[in-house]
Amino acid sequence: MHEHGESIGDRIGRLRARRRLTQEELADRADVSVDTVRKLEQNRRLTARLATLNQLARALDVDTSTLLGQPTTFEAPPSGELPSVLALRQAVAPLAGLLGDDPDPEDPPALGALRAALHSTERIRREGRMADIGLLLPPLIRDALTAARAYNGASRASAYAVLAEAYQVAATTLTALGKDDAAFTAMERATDAARRSDDPRLEVVGASTLAWIFTKQGRLEDAEHVALRYADDIDPGFRSAPADLSLWGILLLRAATATVRQGTSRYDRVDELLRMATAAAATIGRDRLDYATPFGPTNTGVAKVNFQVEMEKNREAITTSRTIPGLASLPPTWRARFHVDRALAYVDLNRDEHAVRALLQAETDAPEWMRYHTTARRIVAELRGRERRRTSPVTELAARLHLDG
């Protein structure tokens with residue numbers, strides 16, 4: 001029994017049948033080996049590179065998230081109020097805005113309180129506390145929108161700045177839950193709010209978020225285009241502010257992430273983008289956290305490991321992972337993602353014990369995030385399937401991640 005009763009291979013087989021394709025025809029359209037398709041459909045292989053899944057999704061004319069079977073709603077917290085995807089959708093696209101009605105009159109919140117709520121939400125997001133994000137985001141968006149409508153001049157622009165970032169957090173949260181349509185709406189609202197704000201960098205930050213969302217959706221060329229378009233607009237020099245250099249580097253890494261998943265023909269371009277980002281990080285000289293996103297020598301090192309894993313250079317990825325300083329400076333979810341990449345490399349090298357240890361480290365860093373992260377869940381499912389003991393660290397981890405079977 002696989003999570004939600006279906007594995008990735010089950011979904012591929014079902015969708016392939018609907019498209020009336022043979023395994024050979026699907027493999028040819030996706031430019032992957034027939035052996036890969038067979039092993040996935042026969043559940044002899046439960047994981048695959050995201051580049052492979054993107055190619056299969058495109059050949060089947062579905063979003064990559066459809067193959068992954070990612071969680072579609074918030075988990076219930078141990079106690080207290082239940083977060084709601086519907087409430088988040090209503091905050092992003094309220095009915096009053098659609099009908100042109102005036103919202104109920106409310107006293108606008110103070111700007112200081114709005115900024116404090118935003119910073120709290122961003123910290124919670126970096127920690128991967130999805131249920132708390134689901135509770136905090138809807139009122140934050142409504143409050144920021146109320147303030148933007150009520151205030152004038154500089155105060156209104158400041159309220160729009162908060163609103164832009166809140167919409168961006170909503171977009172990433174909705175994407176993680178497979179709500180791609182609502183995520184795109186949130187990004188449209190974020191872009192509009194950024195242009196009305198007092199911070200010209202917010203539109204650039206939004207472009208980085210949009211590139212990440214497109215990458216998650218399998219719209220890889222669009223993700224690369226958006227990231228590089230805004231990176232070209234920054235065009236930093238030696239006298240650029242560190243924040244601009246950081247945002248430029250972040251955009252290059254976003255472009256490289258989309259590029260590496262386009263297949264082997266683009267690997268040289270990935271190396272070029274990584275070299276440019278690494279040079280920017282070296283110029284800054286230390287790790288920074290701008291607009292809730294880290295950039296610096298540590299993050300470019302972590303990105304290099306991710307790219308090597310995607311390229312199936314697993315031994316190189318393990319070697320690189322041992323040379324990265326300052327991991328403690330990264331937010332918990334970034335560290336957890338790094339350990340998941342290490343686990344992927346170890347799985348491909350048939351070093352299951354090392355893979356389990358890496359996954360346990362990821363869980364230590366961001367336990368709730370792990371329960372939503374599709375790649376982590378797939379690896380755990382595969383390792384559990386290979387485990388002969390009824391009770392072991394990986395079977396216990398699978399139970400904590402609420403994997404069926």
# chains A, B, ... in the order shown; residues from 1 in each chain; ligands from 1
call {"tool": "residues_around", "arguments": {"residues": "Ala164 of chain A", "least_positions_apart": "3", "cutoff": "7 Å", "atoms": "only C-alpha atoms", "output": "PyMOL selection string"}}
result
chain A and resi 160-161+167-168+190-191+193-194
call {"tool": "write_last_selection", "arguments": {"atoms": "C-alpha atoms", "output": "JSON list (two decimals), in the first residue's frame"}}
result
[["chain", "number", "residue", "atom", "x", "y", "z"],
["A", 160, "TYR", "CA", 1.37, 47.70, 0.06],
["A", 161, "ALA", "CA", 4.92, 46.52, 0.78],
["A", 167, "TYR", "CA", 0.84, 37.49, -1.03],
["A", 168, "GLN", "CA", 4.22, 35.95, -1.91],
["A", 190, "ALA", "CA", 1.82, 40.37, -5.16],
["A", 191, "THR", "CA", 3.21, 41.98, -8.30],
["A", 193, "ALA", "CA", 1.08, 45.40, -4.61],
["A", 194, "ALA", "CA", 4.86, 45.54, -5.10]]
call {"tool": "select_by_dssp", "arguments": {"residues": "segment 169-226 of chain A", "states": "helix (DSSP H, G or I)", "output": "PDB file with C-alpha atoms, in the first residue's frame"}}
result
ATOM      1  CA  VAL A 169       4.144  33.762   1.203  1.00  0.00           C
ATOM      2  CA  ALA A 170       0.593  32.763   0.276  1.00  0.00           C
ATOM      3  CA  ALA A 171       1.755  31.828  -3.224  1.00  0.00           C
ATOM      4  CA  THR A 172       4.525  29.547  -1.981  1.00  0.00           C
ATOM      5  CA  THR A 173       2.204  27.968   0.592  1.00  0.00           C
ATOM      6  CA  LEU A 174      -0.524  27.288  -1.957  1.00  0.00           C
ATOM      7  CA  THR A 175       2.040  25.830  -4.359  1.00  0.00           C
ATOM      8  CA  ALA A 176       3.289  23.461  -1.661  1.00  0.00           C
ATOM      9  CA  ASP A 180      -1.322  26.143  -8.556  1.00  0.00           C
ATOM     10  CA  ASP A 181      -4.221  28.285  -9.788  1.00  0.00           C
ATOM     11  CA  ALA A 182      -4.608  30.087  -6.464  1.00  0.00           C
ATOM     12  CA  ALA A 183      -0.822  30.458  -6.193  1.00  0.00           C
ATOM     13  CA  PHE A 184      -0.677  32.228  -9.547  1.00  0.00           C
ATOM     14  CA  THR A 185      -3.504  34.554  -8.488  1.00  0.00           C
ATOM     15  CA  ALA A 186      -1.552  35.357  -5.324  1.00  0.00           C
ATOM     16  CA  MET A 187       1.519  36.195  -7.400  1.00  0.00           C
ATOM     17  CA  GLU A 188      -0.483  38.501  -9.675  1.00  0.00           C
ATOM     18  CA  ARG A 189      -1.718  40.322  -6.568  1.00  0.00           C
ATOM     19  CA  ALA A 190       1.822  40.373  -5.156  1.00  0.00           C
ATOM     20  CA  THR A 191       3.213  41.982  -8.301  1.00  0.00           C
ATOM     21  CA  ASP A 192       0.523  44.655  -8.304  1.00  0.00           C
ATOM     22  CA  ALA A 193       1.081  45.402  -4.607  1.00  0.00           C
ATOM     23  CA  ALA A 194       4.858  45.544  -5.098  1.00  0.00           C
ATOM     24  CA  ARG A 195       4.460  48.158  -7.822  1.00  0.00           C
ATOM     25  CA  ARG A 196       2.331  50.281  -5.479  1.00  0.00           C
ATOM     26  CA  ARG A 201      13.162  45.463  -4.785  1.00  0.00           C
ATOM     27  CA  LEU A 202       9.869  43.746  -3.947  1.00  0.00           C
ATOM     28  CA  GLU A 203       9.026  43.153  -7.594  1.00  0.00           C
ATOM     29  CA  VAL A 204      12.402  41.422  -8.011  1.00  0.00           C
ATOM     30  CA  VAL A 205      11.695  39.269  -4.954  1.00  0.00           C
ATOM     31  CA  GLY A 206       8.335  38.417  -6.489  1.00  0.00           C
ATOM     32  CA  ALA A 207      10.042  37.343  -9.710  1.00  0.00           C
ATOM     33  CA  SER A 208      12.231  34.967  -7.702  1.00  0.00           C
ATOM     34  CA  THR A 209       9.117  33.519  -6.057  1.00  0.00           C
ATOM     35  CA  LEU A 210       7.352  33.199  -9.416  1.00  0.00           C
ATOM     36  CA  ALA A 211      10.355  31.367 -10.882  1.00  0.00           C
ATOM     37  CA  TRP A 212      10.234  28.917  -7.967  1.00  0.00           C
ATOM     38  CA  ILE A 213       6.489  28.361  -8.503  1.00  0.00           C
ATOM     39  CA  PHE A 214       6.937  27.789 -12.240  1.00  0.00           C
ATOM     40  CA  THR A 215       9.701  25.302 -11.493  1.00  0.00           C
ATOM     41  CA  LYS A 216       7.448  23.405  -9.081  1.00  0.00           C
ATOM     42  CA  GLN A 217       4.763  23.320 -11.790  1.00  0.00           C
ATOM     43  CA  LEU A 220      10.843  25.177 -16.576  1.00  0.00           C
ATOM     44  CA  GLU A 221      11.447  27.468 -19.554  1.00  0.00           C
ATOM     45  CA  ASP A 222       9.106  30.068 -18.064  1.00  0.00           C
ATOM     46  CA  ALA A 223      10.906  29.840 -14.710  1.00  0.00           C
ATOM     47  CA  GLU A 224      14.297  30.301 -16.339  1.00  0.00           C
ATOM     48  CA  HIS A 225      13.048  33.221 -18.444  1.00  0.00           C
ATOM     49  CA  VAL A 226      11.506  35.099 -15.513  1.00  0.00           C
TER      50      VAL A 226
END
call {"tool": "closest_residue", "arguments": {"among": "A:Leu228, A:Leu289, A:Ala110, A:Val34", "to": "Thr22 of chain A", "atoms": "only C-alpha atoms"}}
result
A:Val34
call {"tool": "atom_distance", "arguments": {"atom1": "atom CA of Thr121 of chain A", "atom2": "atom CA of Leu68 of chain A"}}
result
27.0 Å
call {"tool": "closest_residue", "arguments": {"among": "A:Leu274, A:Ala159, A:Ala117, A:Ile379", "to": "His339 of chain A", "atoms": "only C-alpha atoms"}}
result
A:Ile379
call {"tool": "residues_around", "arguments": {"residues": "Gln23 of chain A", "least_positions_apart": "4", "cutoff": "8 Å", "atoms": "only C-alpha atoms", "output": "VMD selection string"}}
result
chain A and resid 16 27 34 37 to 38
call {"tool": "residues_around", "arguments": {"residues": "Arg269 of chain A", "least_positions_apart": "4", "cutoff": "12 Å", "atoms": "only C-alpha atoms", "output": "list of chain:residue names"}}
result
A:Glu224, A:Leu252, A:Leu253, A:Ala255, A:Ala256, A:Thr257, A:Ala258, A:Thr259, A:Val260, A:Arg261, A:Gln262, A:Gly263, A:Thr264, A:Ser265, A:Leu273, A:Leu274, A:Arg275, A:Met276, A:Phe307
call {"tool": "residues_around", "arguments": {"residues": "Pro236 of chain A", "least_positions_apart": "6", "cutoff": "8 Å", "atoms": "only C-alpha atoms", "output": "list in words"}}
result
Asp244, Leu245 and Trp248 of chain A
call {"tool": "write_last_selection", "arguments": {"atoms": "N, CA and C atoms", "output": "mmCIF file, in the first residue's frame"}}
result
data_model
loop_
_atom_site.group_PDB
_atom_site.id
_atom_site.type_symbol
_atom_site.label_atom_id
_atom_site.label_comp_id
_atom_site.auth_asym_id
_atom_site.auth_seq_id
_atom_site.Cartn_x
_atom_site.Cartn_y
_atom_site.Cartn_z
ATOM 1 N N ASP A 244 21.305 44.101 -3.505
ATOM 2 C CA ASP A 244 21.083 43.898 -4.940
ATOM 3 C C ASP A 244 21.908 42.726 -5.463
ATOM 4 N N LEU A 245 23.135 42.628 -4.986
ATOM 5 C CA LEU A 245 23.992 41.517 -5.395
ATOM 6 C C LEU A 245 23.406 40.190 -4.911
ATOM 7 N N TRP A 248 20.393 39.307 -7.072
ATOM 8 C CA TRP A 248 20.888 38.850 -8.377
ATOM 9 C C TRP A 248 21.336 37.394 -8.281
#
call {"tool": "select_by_dssp", "arguments": {"residues": "segment 236-384 of chain A", "states": "strand (DSSP E)", "output": "PyMOL selection string"}}
result
chain A and resi 288-290+293-295
call {"tool": "residues_around", "arguments": {"residues": "segment 81-88 of chain A", "least_positions_apart": "5", "cutoff": "7 Å", "atoms": "only C-alpha atoms", "output": "list in words"}}
result
Thr73, Phe74, Ala76, Ala131, Gly134, Leu135, Leu137 and Pro138 of chain A
call {"tool": "atom_distance", "arguments": {"atom1": "atom CA of Arg129 of chain A", "atom2": "atom CA of Glu387 of chain A"}}
result
29.5 Å
call {"tool": "residues_around", "arguments": {"residues": "segment 308-322 of chain A", "least_positions_apart": "6", "cutoff": "8 Å", "atoms": "only C-alpha atoms", "output": "list in words"}}
result
Arg49, Leu50, Ala51, Val260, Arg261, Thr264, Tyr267, Gly301, Val302, Asp341, Arg342, Leu344, Ala345, Tyr346, Asp348 and Leu349 of chain A
call {"tool": "write_last_selection", "arguments": {"atoms": "N, CA and C atoms", "output": "short mmCIF file (atom, residue, chain, number, x, y, z; two decimals), in the first residue's frame"}}
result
data_model
loop_
_atom_site.label_atom_id
_atom_site.label_comp_id
_atom_site.auth_asym_id
_atom_site.auth_seq_id
_atom_site.Cartn_x
_atom_site.Cartn_y
_atom_site.Cartn_z
N ARG A 49 14.43 11.36 -10.50
CA ARG A 49 14.88 12.74 -10.55
C ARG A 49 13.72 13.64 -10.97
N LEU A 50 13.71 14.87 -10.44
CA LEU A 50 12.64 15.79 -10.81
C LEU A 50 12.68 16.10 -12.31
N ALA A 51 13.88 16.08 -12.90
CA ALA A 51 13.97 16.27 -14.35
C ALA A 51 13.19 15.18 -15.07
N VAL A 260 18.56 22.94 -14.76
CA VAL A 260 19.09 21.60 -14.53
C VAL A 260 18.01 20.55 -14.75
N ARG A 261 16.76 20.92 -14.54
CA ARG A 261 15.67 19.96 -14.71
C ARG A 261 15.20 19.84 -16.16
N THR A 264 20.07 16.83 -19.74
CA THR A 264 21.53 16.85 -19.86
C THR A 264 22.05 17.89 -20.83
N TYR A 267 23.21 21.14 -19.02
CA TYR A 267 24.08 21.08 -17.85
C TYR A 267 25.23 22.10 -17.91
N GLY A 301 26.86 26.81 -2.00
CA GLY A 301 27.39 25.46 -1.81
C GLY A 301 26.28 24.43 -1.74
N VAL A 302 25.22 24.75 -1.02
CA VAL A 302 24.07 23.86 -0.93
C VAL A 302 23.43 23.69 -2.30
N ASP A 341 18.64 16.18 -0.17
CA ASP A 341 19.51 15.97 -1.34
C ASP A 341 20.59 14.94 -1.04
N ARG A 342 21.19 15.03 0.14
CA ARG A 342 22.19 14.03 0.53
C ARG A 342 21.57 12.64 0.55
N LEU A 344 19.04 11.56 -1.21
CA LEU A 344 18.85 11.12 -2.60
C LEU A 344 20.13 10.53 -3.17
N ALA A 345 21.24 11.21 -2.94
CA ALA A 345 22.52 10.73 -3.45
C ALA A 345 22.87 9.38 -2.83
N TYR A 346 22.68 9.24 -1.52
CA TYR A 346 23.00 7.98 -0.85
C TYR A 346 22.10 6.85 -1.34
N ASP A 348 20.83 6.46 -4.34
CA ASP A 348 21.32 6.03 -5.64
C ASP A 348 22.63 5.26 -5.54
N LEU A 349 23.37 5.49 -4.47
CA LEU A 349 24.62 4.77 -4.25
C LEU A 349 24.41 3.51 -3.42
#
call {"tool": "atom_distance", "arguments": {"atom1": "atom CA of Val356 of chain A", "atom2": "atom CA of Val270 of chain A"}}
result
28.7 Å
call {"tool": "closest_residue", "arguments": {"among": "A:Pro367, A:Met130, A:Pro108, A:Gly218", "to": "Thr52 of chain A", "atoms": "only C-alpha atoms"}}
result
A:Gly218
call {"tool": "closest_residue", "arguments": {"among": "A:Thr333, A:Gly178, A:Pro242, A:Asp271", "to": "Phe295 of chain A", "atoms": "only C-alpha atoms"}}
result
A:Pro242
call {"tool": "closest_residue", "arguments": {"among": "A:Thr66, A:Ser33, A:Ser240, A:Gln42", "to": "Arg11 of chain A", "atoms": "only C-alpha atoms"}}
result
A:Thr66
call {"tool": "closest_residue", "arguments": {"among": "A:Ala227, A:Ala280, A:Arg266, A:Ala358", "to": "Gly249 of chain A", "atoms": "only C-alpha atoms"}}
result
A:Ala280
